[in-house]
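S.K.: See my_file28.cif below, with mmCIF, C-alpha atoms.
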```
data_target
#
loop_
_atom_site.label_atom_id
_atom_site.label_comp_id
_atom_site.auth_asym_id
_atom_site.auth_seq_id
_atom_site.Cartn_x
_atom_site.Cartn_y
_atom_site.Cartn_z
CA VAL A 1 4.82 7.03 16.65
CA ILE A 2 7.28 8.83 14.38
CA ALA A 3 8.27 7.14 11.11
CA PHE A 4 10.93 8.55 8.81
CA THR A 5 13.13 7.43 5.95
CA PRO A 6 16.90 7.83 5.50
CA THR A 7 16.09 10.47 2.88
CA PHE A 8 14.72 12.69 5.65
CA ILE A 9 17.89 12.22 7.74
CA GLN A 10 19.97 13.03 4.68
CA GLN A 11 18.06 16.30 4.25
CA LEU A 12 18.63 17.22 7.90
CA LEU A 13 22.36 16.55 7.56
CA THR A 14 22.54 19.18 4.84
CA LEU A 15 21.55 21.68 7.56
CA THR A 16 23.69 20.43 10.45
CA GLY A 17 26.76 19.38 8.50
CA PRO A 18 28.73 16.13 9.12
CA LEU A 19 28.29 14.28 12.43
CA LYS A 20 30.75 11.83 13.97
CA VAL A 21 29.42 8.68 15.66
CA ASP A 22 31.71 5.86 16.89
CA GLU A 23 34.59 7.14 14.73
CA VAL A 24 32.33 7.18 11.66
CA VAL A 25 31.67 10.55 10.03
CA PHE A 26 28.18 10.76 8.52
CA ASP A 27 27.35 13.43 5.97
CA ALA A 28 24.49 13.89 3.51
CA PRO A 29 26.19 12.54 0.34
CA THR A 30 27.53 9.33 1.96
CA LEU A 31 24.86 8.63 4.58
CA PHE A 32 23.21 5.69 2.79
CA ASP A 33 26.41 3.85 1.94
CA LYS A 34 28.06 4.27 5.35
CA LEU A 35 24.95 3.42 7.35
CA GLU A 36 24.16 0.34 5.27
CA TRP A 37 27.76 -0.88 5.42
CA HIS A 38 27.87 -0.60 9.20
CA VAL A 39 24.57 -2.35 9.93
CA GLU A 40 25.09 -5.07 7.29
CA GLN A 41 28.87 -5.68 7.26
CA GLY A 42 30.98 -3.30 9.34
CA TYR A 43 29.63 -4.34 12.74
CA VAL A 44 31.32 -7.73 12.38
CA GLY A 45 34.78 -6.19 12.19
CA LYS A 46 34.06 -4.21 15.34
CA GLY A 47 33.16 -7.37 17.25
CA LEU A 48 29.55 -6.36 17.79
CA PRO A 49 26.83 -9.02 18.07
CA GLU A 50 24.16 -8.97 15.38
CA SER A 51 21.58 -7.81 17.94
CA GLN A 52 23.55 -4.55 18.38
CA ARG A 53 24.33 -3.85 14.73
CA LYS A 54 21.72 -1.07 14.46
CA GLU A 55 22.56 0.74 17.70
CA ILE A 56 24.59 3.22 15.68
CA VAL A 57 21.30 4.44 14.18
CA GLY A 58 20.06 5.47 17.64
CA ALA A 59 23.39 7.12 18.43
CA LEU A 60 23.24 9.06 15.15
CA ALA A 61 19.68 10.17 15.96
CA GLN A 62 20.79 11.54 19.34
CA LYS A 63 23.70 13.43 17.76
CA LEU A 64 21.38 14.81 15.09
CA HIS A 65 18.81 15.89 17.68
CA THR A 66 21.44 17.82 19.61
CA ALA A 67 22.80 19.42 16.44
CA LEU A 68 19.35 20.55 15.32
CA LEU A 69 18.65 22.21 18.68
CA ARG A 70 21.91 24.16 18.30
CA LEU A 71 21.13 25.50 14.85
CA PRO A 72 21.25 29.32 14.69
CA VAL A 73 17.96 31.16 14.29
CA THR A 74 18.93 32.15 10.74
CA VAL A 75 18.69 28.48 9.69
CA TRP A 76 15.24 27.88 11.21
CA PRO A 77 13.35 28.85 8.00
CA ASN A 78 15.36 26.22 6.09
CA LEU A 79 14.57 23.66 8.79
CA LEU A 80 10.85 24.47 8.56
CA THR A 81 10.95 24.05 4.77
CA THR A 82 12.73 20.71 5.16
CA LEU A 83 10.10 19.48 7.63
CA THR A 84 7.21 20.67 5.44
CA ASN A 85 8.64 18.98 2.34
CA ALA A 86 9.32 15.75 4.24
CA LEU A 87 5.71 15.64 5.40
CA SER A 88 4.20 16.33 1.97
CA GLU A 89 6.58 13.84 0.30
CA ARG A 90 5.83 11.28 3.02
CA HIS A 91 9.42 10.84 4.22
CA LEU A 92 8.17 11.81 7.69
CA MET A 93 4.92 10.64 9.28
CA ILE A 94 3.61 11.07 12.82
CA PHE A 95 0.74 9.41 14.67
CA SER A 96 -0.58 9.95 18.18
CA THR A 97 -3.19 8.20 20.32
CA SER A 98 -4.48 11.66 21.20
CA PRO A 99 -7.46 12.55 18.93
CA SER A 100 -6.91 16.29 19.40
CA LEU A 101 -3.22 16.07 18.49
CA ASN A 102 -4.01 13.82 15.53
CA ALA A 103 -6.46 16.42 14.26
CA LYS A 104 -3.65 18.98 14.21
CA LEU A 105 -1.26 16.51 12.57
CA ILE A 106 -3.80 15.82 9.83
CA SER A 107 -4.15 19.55 9.15
CA HIS A 108 -0.37 19.72 8.61
CA ASN A 109 -0.28 16.62 6.39
CA ALA A 110 1.77 14.83 9.04
CA ILE A 111 -0.25 11.62 8.89
CA GLY A 112 -0.17 9.36 5.86
CA PRO A 113 -3.12 9.00 3.50
CA ARG A 114 -6.31 8.29 5.42
CA MET A 115 -8.55 6.20 3.16
CA THR A 116 -11.72 8.14 3.97
CA GLU A 117 -14.73 8.89 1.79
CA HIS A 118 -12.70 11.75 0.31
CA TYR A 119 -10.72 9.16 -1.67
CA ARG A 120 -13.65 6.81 -2.28
CA THR A 121 -15.84 9.27 -4.22
CA PRO A 122 -17.62 7.03 -6.77
CA ALA A 123 -17.28 9.51 -9.65
CA HIS A 124 -13.51 9.92 -9.08
CA ASP A 125 -10.74 7.67 -10.36
CA PHE A 126 -8.12 6.46 -7.90
CA LEU A 127 -4.65 4.93 -8.17
CA MET A 128 -2.08 3.86 -5.61
CA VAL A 129 0.81 1.48 -6.34
CA LEU A 130 2.33 -0.28 -3.32
CA ASP A 131 5.55 -2.26 -3.77
CA ALA A 132 6.69 -4.69 -1.07
CA ASN A 133 10.36 -5.73 -1.04
CA LEU A 134 10.49 -9.46 -0.26
CA ALA A 135 14.04 -10.58 0.66
CA ALA A 136 15.54 -8.28 -1.99
CA LEU A 137 18.06 -6.68 0.40
CA LYS A 138 18.56 -2.95 -0.39
CA THR A 139 17.79 -3.33 -4.09
CA ASP A 140 15.09 -0.65 -3.93
CA GLU A 141 17.81 2.01 -4.04
CA VAL A 142 18.88 0.88 -7.53
CA MET A 143 15.40 0.27 -8.94
CA GLU A 144 14.28 2.67 -11.65
CA ARG A 145 10.49 2.89 -11.83
CA SER A 146 8.02 4.64 -14.10
CA PHE A 147 4.24 4.39 -14.33
CA ALA A 148 1.97 4.98 -17.33
CA TYR A 149 -1.80 5.25 -16.85
CA GLU A 150 -4.29 5.48 -19.73
CA VAL A 151 -8.07 5.82 -19.60
CA LYS A 152 -10.23 5.23 -22.69
CA GLU A 153 -13.94 5.89 -22.79
CA GLN A 154 -16.27 3.07 -23.82
CA GLN A 155 -19.75 4.47 -23.36
CA GLU A 156 -21.73 1.23 -23.30
CA GLN A 157 -19.53 -0.86 -21.01
CA GLY A 158 -17.62 1.74 -19.03
CA PRO A 159 -14.11 3.20 -19.42
CA ILE A 160 -11.09 0.92 -19.73
CA ALA A 161 -7.93 1.75 -17.75
CA THR A 162 -4.50 0.45 -18.75
CA LEU A 163 -1.76 0.69 -16.13
CA THR A 164 1.83 -0.11 -17.10
CA LEU A 165 4.39 -0.38 -14.29
CA ARG A 166 7.98 -0.41 -15.53
CA TYR A 167 10.83 -1.63 -13.32
CA ARG A 168 14.53 -1.61 -14.18
CA ASN A 169 17.12 -3.20 -11.86
CA LYS A 170 20.30 -1.10 -12.22
CA GLY A 171 22.18 -3.07 -9.55
CA SER A 172 24.34 -6.20 -9.51
CA PHE A 173 24.69 -9.17 -7.18
CA SER A 174 26.48 -7.93 -4.04
CA TRP A 175 26.13 -7.84 -0.25
CA LYS A 176 23.35 -5.24 -0.54
CA TRP A 177 21.82 -5.75 -4.01
CA THR A 178 20.26 -8.79 -5.63
CA ARG A 179 17.32 -9.68 -7.87
CA TYR A 180 14.32 -7.51 -7.07
CA ARG A 181 11.38 -9.39 -5.58
CA SER A 182 8.14 -7.59 -4.97
CA TYR A 183 4.54 -8.37 -4.16
CA THR A 184 2.95 -5.28 -5.65
CA ARG A 185 -0.62 -4.18 -4.93
CA VAL A 186 -2.52 -1.64 -6.98
CA LEU A 187 -5.49 0.06 -5.31
CA VAL A 188 -8.18 1.17 -7.78
CA PRO A 189 -11.83 2.27 -7.46
CA GLN A 190 -14.04 -0.31 -5.82
CA GLY A 191 -15.96 -2.31 -8.38
CA SER A 192 -13.23 -2.18 -11.04
CA GLN A 193 -13.07 -5.41 -13.03
CA LEU A 194 -9.78 -6.91 -14.20
CA VAL A 195 -9.74 -7.55 -17.96
CA GLU A 196 -6.10 -8.53 -18.43
CA GLY A 197 -3.10 -8.94 -16.14
CA PRO A 198 -0.31 -11.31 -15.05
CA PRO A 199 -1.50 -14.93 -14.56
CA ASN A 200 -0.86 -14.80 -10.82
CA THR A 201 -2.86 -11.61 -10.19
CA GLU A 202 -4.89 -11.78 -6.98
CA ILE A 203 -8.05 -9.70 -6.65
CA SER A 204 -9.26 -8.57 -3.24
CA GLN A 205 -10.95 -5.71 -1.42
CA GLU A 206 -8.87 -3.40 0.75
CA LEU A 207 -9.81 -0.22 2.62
CA GLY A 208 -12.85 0.29 0.42
CA PHE A 209 -10.91 -0.18 -2.83
CA THR A 210 -10.38 -3.05 -5.23
CA SER A 211 -6.82 -4.39 -5.03
CA PHE A 212 -4.88 -6.17 -7.78
CA GLY A 213 -1.82 -7.95 -6.35
CA THR A 214 0.98 -9.78 -8.15
CA PHE A 215 4.44 -11.13 -7.37
CA PHE A 216 7.35 -10.61 -9.79
CA THR A 217 11.14 -10.56 -9.94
CA VAL A 218 13.64 -8.44 -11.87
CA GLU A 219 17.19 -9.73 -12.34
CA PRO A 220 20.15 -7.29 -12.03
CA GLY A 221 20.66 -5.43 -15.30
CA MET A 222 17.19 -6.38 -16.53
CA GLU A 223 13.83 -4.67 -16.72
CA THR A 224 10.21 -5.78 -16.79
CA SER A 225 6.75 -4.30 -17.19
CA ILE A 226 3.58 -5.22 -15.35
CA VAL A 227 0.46 -4.41 -17.39
CA LEU A 228 -3.02 -4.31 -15.87
CA ARG A 229 -6.13 -3.59 -17.93
CA TYR A 230 -9.36 -3.15 -16.03
CA ARG A 231 -12.83 -1.74 -16.49
CA LEU A 232 -13.63 1.23 -14.29
CA PRO A 233 -17.03 1.60 -12.55
CA GLN A 234 -19.99 3.03 -14.46
CA ALA A 235 -19.98 6.11 -12.20
CA LEU A 236 -16.83 7.23 -13.98
CA GLN A 237 -18.49 6.80 -17.36
CA ALA A 238 -21.31 9.08 -16.21
CA SER A 239 -18.71 11.68 -15.24
CA LEU A 240 -16.92 11.41 -18.60
CA SER A 241 -20.24 11.80 -20.43
CA GLN A 242 -20.61 15.16 -18.70
CA GLY A 243 -17.09 16.17 -19.76
CA THR A 244 -15.46 15.92 -16.31
CA TYR A 245 -12.84 13.60 -14.83
CA THR A 246 -10.79 13.52 -11.63
CA LEU A 247 -7.88 11.21 -10.79
CA GLN A 248 -6.37 10.96 -7.32
CA ALA A 249 -2.95 9.32 -7.56
CA LEU A 250 -1.30 8.70 -4.19
CA LYS A 251 2.38 8.04 -3.66
CA GLN A 252 3.80 5.25 -1.53
CA ALA A 253 5.62 6.41 1.59
CA GLY A 254 9.38 6.36 1.19
CA THR A 255 9.45 6.41 -2.61
CA LEU A 256 11.00 9.24 -4.57
CA ALA A 257 9.63 11.12 -7.60
CA ILE A 258 8.42 8.17 -9.70
CA PRO A 259 7.52 9.47 -13.20
CA LEU A 260 3.82 9.20 -14.04
CA THR A 261 2.46 9.61 -17.56
CA PHE A 262 -1.31 10.06 -17.67
CA THR A 263 -3.40 9.89 -20.85
CA ILE A 264 -7.16 10.17 -21.23
CA ASP A 265 -9.13 9.69 -24.43
CA SER A 266 -12.87 10.34 -24.37
CA ALA A 267 -15.46 12.06 -26.51
CA LYS A 268 -15.17 15.32 -24.56
CA ILE A 269 -11.69 15.09 -22.99
CA SER A 270 -8.39 14.28 -24.64
CA LYS A 271 -5.25 15.00 -22.63
CA ARG A 272 -1.71 13.75 -21.94
CA ILE A 273 0.07 14.84 -18.77
CA GLU A 274 3.66 14.17 -17.70
CA THR A 275 4.11 14.42 -13.93
CA ASP A 276 5.59 12.43 -11.05
CA LEU A 277 4.65 11.03 -7.65
CA ARG A 278 6.97 13.13 -5.52
CA VAL A 279 3.75 14.00 -3.69
CA ASP A 280 0.11 12.95 -4.06
CA ARG A 281 -1.36 14.20 -7.32
CA THR A 282 -4.92 15.22 -8.13
CA ILE A 283 -5.71 15.66 -11.82
CA SER A 284 -9.03 17.35 -12.54
CA LEU A 285 -10.23 17.91 -16.10
#
```
In structure tokens, how does this file's structure come out?
M.R.:
Amino acid sequence: VIAFTPTFIQQLLTLTGPLKVDEVVFDAPTLFDKLEWHVEQGYVGKGLPESQRKEIVGALAQKLHTALLRLPVTVWPNLLTTLTNALSERHLMIFSTSPSLNAKLISHNAIGPRMTEHYRTPAHDFLMVLDANLAALKTDEVMERSFAYEVKEQQEQGPIATLTLRYRNKGSFSWKWTRYRSYTRVLVPQGSQLVEGPPNTEISQELGFTSFGTFFTVEPGMETSIVLRYRLPQALQASLSQGTYTLQALKQAGTLAIPLTFTIDSAKISKRIETDLRVDRTISL
């Protein structure tokens, strides 16, 4: 199974140059707009039934495959860099039913995050935000996101984490944009206890983590913030008391470089870090 995002195709088109499919010329700068128009609107004018509206995607893939095989040797290093970046940024993921092949894919970061014990280390903090577009058309492409995560030490009761998720809808009502609707889940260390959050927050267990889930909407031209305050497990307090802290922040597949501001305030560690989730981040202090 090979999963990829339009961002990956866009990156490949920068290497091959424009490709013509069914009288439509696709290039890197206009790929999104032309592809979305054809599969959502343009197919009607061509007399195609709705069931065939996405066949142009397969035709484009075939043309792209042929063009990549014809690339001169001098371009191969650029192609390798593009593939490597797409894997690390999770715009390309591969899975096989062959255990031996999967082992090789894992070593090359070709498989998405595997929620193994590596991520569930009790003394390590963990964060993964997962948005789910619910009937919001293609509004994700005009959503501006930023995350702020703060950890404060409270020796007797355990550290308190405050996560602020900011969403701004820069679109308008159209054939491809509308109000943003998302059921967003936040995976945190198992045993974390919600102190404050939206009234409709659902708490569950998922993949060995505690999950806080909430539904929200953002109207075009508006912005909103989702704030979650929760108490982290005592194992993290023990780590802070020793002057150490590790956060593993994983990105959601398909997202771009969402800004992440991290702040920690404890007796032995005080730090503020500005980064992003272009790739998975591990912060060790």
S.K.: Which residues match the PyMOL selection byres ((chain A and resi 181-192) around 7) in the file above, as number ranges by chain?
M.R.: A: 125-136, 179-180, 193-194, 208-218, 230-233
S.K.: Work out how far CA of Gly112 in chain A is from CA of Thr81 in chain A, in Å to one decimal.
M.R.: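 CA of Gly112 in chain A lies at a distance of 18.5 Å from CA of Thr81 in chain A.
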S.K.: Check what the PyMOL selection byres ((chain A and resi 11) around 10) selects in the file above and give those residues as a list in words.
M.R.: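 With the PyMOL selection byres ((chain A and resi 11) around 10) on this model, the match is Pro6, Thr7, Phe8, Ile9, Gln10, Leu12, Leu13, Thr14, Leu15, Thr16, Asp27, Ala28, Pro29, Leu79, Thr82, Leu83, Asn85 and Ala86 of chain A.
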S.K.: So which residues touch range 30-47 of chain A within 10 Å, counting all atoms listed in the file, skipping near sequence neighbours fewer than 5 positions away, as an NGL selection string?
M.R.: :A and (6-7 or 9-10 or 13 or 18 or 24-25 or 52-57 or 60 or 137-138 or 141 or 175-176)
S.K.: Determine the nearest neighbour of Lys152 in chain A from the options A:Arg120, A:Lys63, A:His108, A:Lys268, counting only C-alpha atoms.
M.R.: A:Lys268
S.K.: CA of Ser96 in chain A and CA of Val73 in chain A are how many Å apart?
M.R.: 28.4 Å
S.K.: When you count only C-alpha atoms, which of these residues is closest to Glu219 in chain A: A:Asn102, A:Gln62, A:Thr5, A:Thr178?
M.R.: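 Counting only C-alpha atoms, the residue closest to Glu219 in chain A is A:Thr178.
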S.K.: Let me know the residues the PyMOL selection byres ((chain A and resi 149) around 10) catches in the file above, as a PyMOL selection string.
M.R.: chain A and resi 127+147-148+150-151+161-165+227-229+260-264+272-273
S.K.: Would you compute the distance between CA of Ser172 in chain A and CA of Thr139 in chain A? Give it in Å to one decimal.
M.R.: 9.0 Å
S.K.: Kindly extract all protein, DNA and RNA residues lying within 12 Å of the coordinates (-0.5, 7.4, 16.6) given in the file, considering all atoms listed in the file, and supply them as a ChimeraX atom specification.
M.R.: /A:1-3,93-103,105-106,110-112
S.K.: What would the file look like if the residues just selected were written as a PDB file, in the coordinates of the input with C-alpha atoms?
M.R.:
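Wrote it out as selection-v2.pdb, contents follow:
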```pdb
ATOM      1  CA  VAL A   1       4.820   7.030  16.650  1.00  0.00           C
ATOM      2  CA  ILE A   2       7.280   8.830  14.380  1.00  0.00           C
ATOM      3  CA  ALA A   3       8.270   7.140  11.110  1.00  0.00           C
ATOM      4  CA  MET A  93       4.920  10.640   9.280  1.00  0.00           C
ATOM      5  CA  ILE A  94       3.610  11.070  12.820  1.00  0.00           C
ATOM      6  CA  PHE A  95       0.740   9.410  14.670  1.00  0.00           C
ATOM      7  CA  SER A  96      -0.580   9.950  18.180  1.00  0.00           C
ATOM      8  CA  THR A  97      -3.190   8.200  20.320  1.00  0.00           C
ATOM      9  CA  SER A  98      -4.480  11.660  21.200  1.00  0.00           C
ATOM     10  CA  PRO A  99      -7.460  12.550  18.930  1.00  0.00           C
ATOM     11  CA  SER A 100      -6.910  16.290  19.400  1.00  0.00           C
ATOM     12  CA  LEU A 101      -3.220  16.070  18.490  1.00  0.00           C
ATOM     13  CA  ASN A 102      -4.010  13.820  15.530  1.00  0.00           C
ATOM     14  CA  ALA A 103      -6.460  16.420  14.260  1.00  0.00           C
ATOM     15  CA  LEU A 105      -1.260  16.510  12.570  1.00  0.00           C
ATOM     16  CA  ILE A 106      -3.800  15.820   9.830  1.00  0.00           C
ATOM     17  CA  ALA A 110       1.770  14.830   9.040  1.00  0.00           C
ATOM     18  CA  ILE A 111      -0.250  11.620   8.890  1.00  0.00           C
ATOM     19  CA  GLY A 112      -0.170   9.360   5.860  1.00  0.00           C
TER      20      GLY A 112
END
```
S.K.: So which residues touch Ala267 in chain A within 9 Å, counting all atoms listed in the file, skipping near sequence neighbours fewer than 4 positions away, as a list of chain:residue names?
M.R.: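 With the cut-off at 9 Å, the set is A:Glu153, A:Leu240, A:Ser241, A:Gly243.
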S.K.: Kindly export the residues of the current selection with C-alpha atoms, as a PDB file, in the frame of the given file.
M.R.:
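Result file follows (out09.pdb):
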```
ATOM      1  CA  GLU A 153     -13.940   5.890 -22.790  1.00  0.00           C
ATOM      2  CA  LEU A 240     -16.920  11.410 -18.600  1.00  0.00           C
ATOM      3  CA  SER A 241     -20.240  11.800 -20.430  1.00  0.00           C
ATOM      4  CA  GLY A 243     -17.090  16.170 -19.760  1.00  0.00           C
TER       5      GLY A 243
END
```
S.K.: Find the residue from A:Ser284, A:Arg278, A:Gln237, A:Ser266 that sits nearest to Pro122 in chain A; use only C-alpha atoms when measuring.
M.R.: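 Of all the options, A:Gln237 lies closest to Pro122 in chain A.
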S.K.: Choose the residue, out of A:Leu64, A:Leu48, A:Val142, A:Val279, that has the smallest atom-to-atom separation from Leu19 in chain A; count all atoms listed in the file.
M.R.: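 Closest to Leu19 in chain A of all the choices is A:Leu64.
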S.K.: So that I can check the surroundings of Gly254 in chain A, please list as a list in words every protein, DNA and RNA residue that reaches within 9 Å of it, counting only C-alpha atoms and ignoring chain neighbours fewer than 2 positions away.
M.R.: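 So the residues in contact are Phe4, Thr5, Pro6, Thr7, Glu89, Arg90, His91, Leu92, Lys251, Gln252 and Leu256 of chain A.
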S.K.: With N, CA and C atoms as the goal, would you fill in the gaps in range 174-196 of chain A and present it as an mmCIF file, keeping the file's coordinate frame?
M.R.:
```
data_model
loop_
_atom_site.group_PDB
_atom_site.id
_atom_site.type_symbol
_atom_site.label_atom_id
_atom_site.label_comp_id
_atom_site.auth_asym_id
_atom_site.auth_seq_id
_atom_site.Cartn_x
_atom_site.Cartn_y
_atom_site.Cartn_z
ATOM 1 N N SER A 174 25.489 -8.365 -5.020
ATOM 2 C CA SER A 174 26.480 -7.930 -4.040
ATOM 3 C C SER A 174 25.904 -8.160 -2.655
ATOM 4 N N TRP A 175 26.598 -7.649 -1.621
ATOM 5 C CA TRP A 175 26.130 -7.840 -0.250
ATOM 6 C C TRP A 175 24.855 -7.054 0.031
ATOM 7 N N LYS A 176 24.559 -6.033 -0.809
ATOM 8 C CA LYS A 176 23.350 -5.240 -0.540
ATOM 9 C C LYS A 176 22.355 -5.216 -1.702
ATOM 10 N N TRP A 177 22.747 -5.717 -2.873
ATOM 11 C CA TRP A 177 21.820 -5.750 -4.010
ATOM 12 C C TRP A 177 21.659 -7.182 -4.505
ATOM 13 N N THR A 178 20.516 -7.469 -5.071
ATOM 14 C CA THR A 178 20.260 -8.790 -5.630
ATOM 15 C C THR A 178 19.112 -8.660 -6.633
ATOM 16 N N ARG A 179 18.514 -9.766 -7.024
ATOM 17 C CA ARG A 179 17.320 -9.680 -7.870
ATOM 18 C C ARG A 179 16.196 -9.039 -7.070
ATOM 19 N N TYR A 180 15.422 -8.190 -7.749
ATOM 20 C CA TYR A 180 14.320 -7.510 -7.070
ATOM 21 C C TYR A 180 13.141 -8.458 -6.987
ATOM 22 N N ARG A 181 12.580 -8.591 -5.801
ATOM 23 C CA ARG A 181 11.380 -9.390 -5.580
ATOM 24 C C ARG A 181 10.332 -8.502 -4.929
ATOM 25 N N SER A 182 9.182 -8.453 -5.536
ATOM 26 C CA SER A 182 8.140 -7.590 -4.970
ATOM 27 C C SER A 182 6.772 -8.230 -5.109
ATOM 28 N N TYR A 183 5.968 -8.114 -4.056
ATOM 29 C CA TYR A 183 4.540 -8.370 -4.160
ATOM 30 C C TYR A 183 3.906 -6.992 -4.233
ATOM 31 N N THR A 184 3.453 -6.621 -5.413
ATOM 32 C CA THR A 184 2.950 -5.280 -5.650
ATOM 33 C C THR A 184 1.429 -5.276 -5.700
ATOM 34 N N ARG A 185 0.828 -4.360 -4.943
ATOM 35 C CA ARG A 185 -0.620 -4.180 -4.930
ATOM 36 C C ARG A 185 -0.954 -2.851 -5.583
ATOM 37 N N VAL A 186 -2.021 -2.863 -6.356
ATOM 38 C CA VAL A 186 -2.520 -1.640 -6.980
ATOM 39 C C VAL A 186 -3.938 -1.408 -6.492
ATOM 40 N N LEU A 187 -4.156 -0.291 -5.800
ATOM 41 C CA LEU A 187 -5.490 0.060 -5.310
ATOM 42 C C LEU A 187 -6.190 0.911 -6.360
ATOM 43 N N VAL A 188 -7.408 0.493 -6.743
ATOM 44 C CA VAL A 188 -8.180 1.170 -7.780
ATOM 45 C C VAL A 188 -9.612 1.334 -7.251
ATOM 46 N N PRO A 189 -10.464 2.077 -7.953
ATOM 47 C CA PRO A 189 -11.830 2.270 -7.460
ATOM 48 C C PRO A 189 -12.559 0.946 -7.218
ATOM 49 N N GLN A 190 -13.299 0.901 -6.132
ATOM 50 C CA GLN A 190 -14.040 -0.310 -5.820
ATOM 51 C C GLN A 190 -15.043 -0.628 -6.925
ATOM 52 N N GLY A 191 -15.085 -1.896 -7.305
ATOM 53 C CA GLY A 191 -15.960 -2.310 -8.380
ATOM 54 C C GLY A 191 -15.269 -2.415 -9.722
ATOM 55 N N SER A 192 -13.993 -2.024 -9.795
ATOM 56 C CA SER A 192 -13.230 -2.180 -11.040
ATOM 57 C C SER A 192 -13.077 -3.669 -11.345
ATOM 58 N N GLN A 193 -13.123 -4.015 -12.624
ATOM 59 C CA GLN A 193 -13.070 -5.410 -13.030
ATOM 60 C C GLN A 193 -11.831 -5.657 -13.895
ATOM 61 N N LEU A 194 -11.003 -6.604 -13.472
ATOM 62 C CA LEU A 194 -9.780 -6.910 -14.200
ATOM 63 C C LEU A 194 -10.115 -7.558 -15.547
ATOM 64 N N VAL A 195 -9.549 -7.005 -16.611
ATOM 65 C CA VAL A 195 -9.740 -7.550 -17.960
ATOM 66 C C VAL A 195 -8.520 -8.358 -18.385
ATOM 67 N N GLU A 196 -7.342 -7.859 -18.033
ATOM 68 C CA GLU A 196 -6.100 -8.530 -18.430
ATOM 69 C C GLU A 196 -5.006 -8.182 -17.419
#
```
